[in-house]
Structure formats: structure tokens, C-alpha cells
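Colleague: Okay, handing you the structure first.
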Amino acid sequence: MRPVIAVTAWRRDLDTFLGKESLQTLSTFYTDALIDAGMTPIVFPNGQDPDEAQRLVDMVDGVLISGGDDVDPESYGLGNDGSRGYSKAVDDFEIAVVTAARAQDKPVLAICRGLQLLNVALGGTLAQDVLVSGTAHELINKDTDRVELNARRHVVQLEPESVLAGLYQSSEAKVNTLHHQGIKRLAPELIVEARTDDGLIEAARCDGAWWALGVQWHPERMEGEHRELFHAFRKAISG
């Protein structure tokens, strides 16, 4: 039987034929990648009552925290220093989903904003703007007018004996990127899986029995070795 995976939606105000509306959106790249890896995705609309998270997570076999806007600095105890587009209601619901998944021992795969949210949910903080002059992240974000999320834009170094090094069968991977925030203080329960040459943490996992893995890039938009992340996710669910 195919595992059922909850995927968090990205709540955005977009123009429609009825005018500007608040929509729950989700790229088909996420759902296609899960389906291709033998899983059945369903959508968790965002901004729900956090008290519903335990019951919702009980209905699924695993959770994918998808990309989206910035995490509200208030969610990790800091003032705004470059964050934008954030929503405390979205954060509260997703943090509750992560907490429920952990309590129920349901595997979590966290992508882009998802990695940042996972870190915050477990007690970490974020750097609110990583586009520092002279670093790789400044250079790769200068071409925002022609962003191609499937383009392999920079290299990440995979930690020796990490889960990702095993999946990629390499000490490095070339990844895509579209983010201006990243992990600052790593949550106590997470360990580093990958970094860029400028030192930013690009992947981390839970250091314990609970399977939770987050990456800053978008593996759902790339083929080849990047799809091994979804197969590993499915394997963690199946035991």
C-alpha cells in the first residue's frame, strides 16, 4: 500500500479572474516527486488551528513541509531584520504539524523554507538575509529576473558519513537554490548534513530515532540522484 503524505500548502494572495484572492498553492513538482517515489500526497491547507495538527497528522504516514515565504522572526524570538512575507498563523500551524509528527514518530521531509521551519520548531534561529557580499549566495541570487529552480547553481559539501553522503554516493552535490534566509543557530536536536563553501548550513537531520531530514534546495525540481531523497523518505515510512 502506498504511504499517504501530507504536504503543506503555500498560502498566497494572487490575481485571479475574480480579482485578487487568497489561495492555497502547491507546485506539482512536489506531488509528482512523491507519486513517482511510490507515495500518495494530500494537501494540508495552511493557517489552520494548530490544535488540529495532532488529529491531522494521525491521518497520514508522513509529512513534507514545503517551501514558501519567510518564517516570522517572532517565531524564534527575534525582531525583523530583513524578513518579508511572513505569517505567524502559518508558522504556528506548521510548527504544530512538526511537533505532532515527532510525537507520533511520523517521518518528516523538509524542503527550503521547510528546513528553516524545522529548525525553528526544534528551537533554532535563522539568519534573515544570507545574501552577503562576496559569498556564493550573493552571486547565485543576482539573476532573480531569470530564476530557473531546476538549474544546479552551486555545490554543497556533504558531511562524512551523513545520510546524504550515502544517498548521493559522494562527498558533494550540485544543487539549485532560491532563498535569502538560512539557519543561524542550529536546533539542539539537529546535526549538519551539508554546507556551502561560505559555511551556510544547507541540510540537517534529527539526531535521534525520529526520522526528520531537511534540505535548503529543491530536490523535487531535479532528476537523478536528487530523487533518492524521496525514496529514502518512503523507506523511512515503510521501516
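In the C-alpha cells, each chain is lettered A, B, ... as it comes, each chain's residues begin at 1, and ligands are numbered from 1 in order of appearance.
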Under the rule of at most 12 Å, produce a per-residue listing of region 51-75 of chain A near region 3-13 of chain A: chain, number, name, the closest pair of atoms, and the distance in Å, as JSON lines, using only C-alpha atoms.
Modeller:
```
{"residue": "A:Ala53", "atom": "CA", "partner": "A:Ala6", "partner_atom": "CA", "distance": 11.2}
{"residue": "A:Leu56", "atom": "CA", "partner": "A:Ala6", "partner_atom": "CA", "distance": 8.8}
{"residue": "A:Val57", "atom": "CA", "partner": "A:Ala6", "partner_atom": "CA", "distance": 7.7}
{"residue": "A:Asp58", "atom": "CA", "partner": "A:Ala6", "partner_atom": "CA", "distance": 10.4}
{"residue": "A:Met59", "atom": "CA", "partner": "A:Val4", "partner_atom": "CA", "distance": 8.4}
{"residue": "A:Val60", "atom": "CA", "partner": "A:Val4", "partner_atom": "CA", "distance": 5.3}
{"residue": "A:Asp61", "atom": "CA", "partner": "A:Val4", "partner_atom": "CA", "distance": 5.3}
{"residue": "A:Gly62", "atom": "CA", "partner": "A:Ile5", "partner_atom": "CA", "distance": 4.9}
{"residue": "A:Val63", "atom": "CA", "partner": "A:Ala6", "partner_atom": "CA", "distance": 4.8}
{"residue": "A:Leu64", "atom": "CA", "partner": "A:Val7", "partner_atom": "CA", "distance": 4.8}
{"residue": "A:Ile65", "atom": "CA", "partner": "A:Thr8", "partner_atom": "CA", "distance": 5.5}
{"residue": "A:Ser66", "atom": "CA", "partner": "A:Thr8", "partner_atom": "CA", "distance": 5.8}
{"residue": "A:Gly67", "atom": "CA", "partner": "A:Trp10", "partner_atom": "CA", "distance": 7.2}
{"residue": "A:Gly68", "atom": "CA", "partner": "A:Trp10", "partner_atom": "CA", "distance": 5.5}
{"residue": "A:Asp69", "atom": "CA", "partner": "A:Trp10", "partner_atom": "CA", "distance": 7.8}
{"residue": "A:Asp70", "atom": "CA", "partner": "A:Trp10", "partner_atom": "CA", "distance": 11.0}
```
Colleague: Please tabulate, as a tab-separated table, the residues of region 73-110 of chain A that come within 9 Å of region 201-210 of chain A, each with its closest pair of atoms and the distance in Å to one decimal, counting only C-alpha atoms and ordering rows by chain, then residue number upward.
Modeller:
```
residue	atom	partner	partner_atom	distance
A:Arg102	CA	A:Trp210	CA	6.6
A:Asp105	CA	A:Trp210	CA	5.9
A:Lys106	CA	A:Trp210	CA	7.5
A:Pro107	CA	A:Trp210	CA	6.8
A:Val108	CA	A:Trp210	CA	8.8
```
Colleague: Please produce a file of the residues just selected, as a PDB file, in the first residue's frame, where the atoms kept are N, CA and C atoms.
Modeller:
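Once everything was written out, this is selection18.pdb:
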```pdb
ATOM      1  N   ARG A 102       6.559  14.485  15.257  1.00  0.00           N
ATOM      2  CA  ARG A 102       7.576  13.975  16.177  1.00  0.00           C
ATOM      3  C   ARG A 102       6.935  13.124  17.265  1.00  0.00           C
ATOM      4  N   ASP A 105       5.962   9.871  15.848  1.00  0.00           N
ATOM      5  CA  ASP A 105       7.060   9.196  15.148  1.00  0.00           C
ATOM      6  C   ASP A 105       6.761   9.038  13.658  1.00  0.00           C
ATOM      7  N   LYS A 106       6.230  10.105  13.057  1.00  0.00           N
ATOM      8  CA  LYS A 106       5.969  10.123  11.618  1.00  0.00           C
ATOM      9  C   LYS A 106       7.121  10.843  10.928  1.00  0.00           C
ATOM     10  N   PRO A 107       7.745  10.235   9.920  1.00  0.00           N
ATOM     11  CA  PRO A 107       8.869  10.882   9.236  1.00  0.00           C
ATOM     12  C   PRO A 107       8.495  12.222   8.607  1.00  0.00           C
ATOM     13  N   VAL A 108       9.470  13.129   8.594  1.00  0.00           N
ATOM     14  CA  VAL A 108       9.288  14.461   8.017  1.00  0.00           C
ATOM     15  C   VAL A 108      10.407  14.745   7.026  1.00  0.00           C
TER      16      VAL A 108
END
```
Colleague: In region 2-217 of chain A, what's strand (DSSP E or B) per DSSP? Answer as a ChimeraX atom specification?
Modeller: /A:4-8,10-16,19-25,40-44,62-65,108-111,126-127,154-158,172-175,182-183,190-196,201-206,212-215
Colleague: Identify which of the residues A:Gly19, A:Gly182, A:Gly123, A:Pro160 lies closest to Ala194 (chain A), counting only C-alpha atoms when measuring atom-to-atom distances.
Modeller: A:Pro160
Colleague: Would you list the contacts of Glu74 (chain A) as a list of chain:residue names, taking every protein, DNA or RNA residue within 10 Å and counting only C-alpha atoms, but skipping same-chain residues closer than 6 positions in sequence?
Modeller: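 In the requested form, the answer reads A:Asn80, A:Tyr86, A:Ser87, A:Lys88, A:Asp91.
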Colleague: Give me, please, the distance in Å between CA of Val155 (chain A) and CA of Ala173 (chain A), quoted to one decimal.
Modeller: 5.6 Å
Colleague: Which residue is closest to Pro219 (chain A)? Choose from A:Tyr76, A:Phe44, A:Tyr30, A:Phe93 and count only C-alpha atoms.
Modeller: A:Tyr30
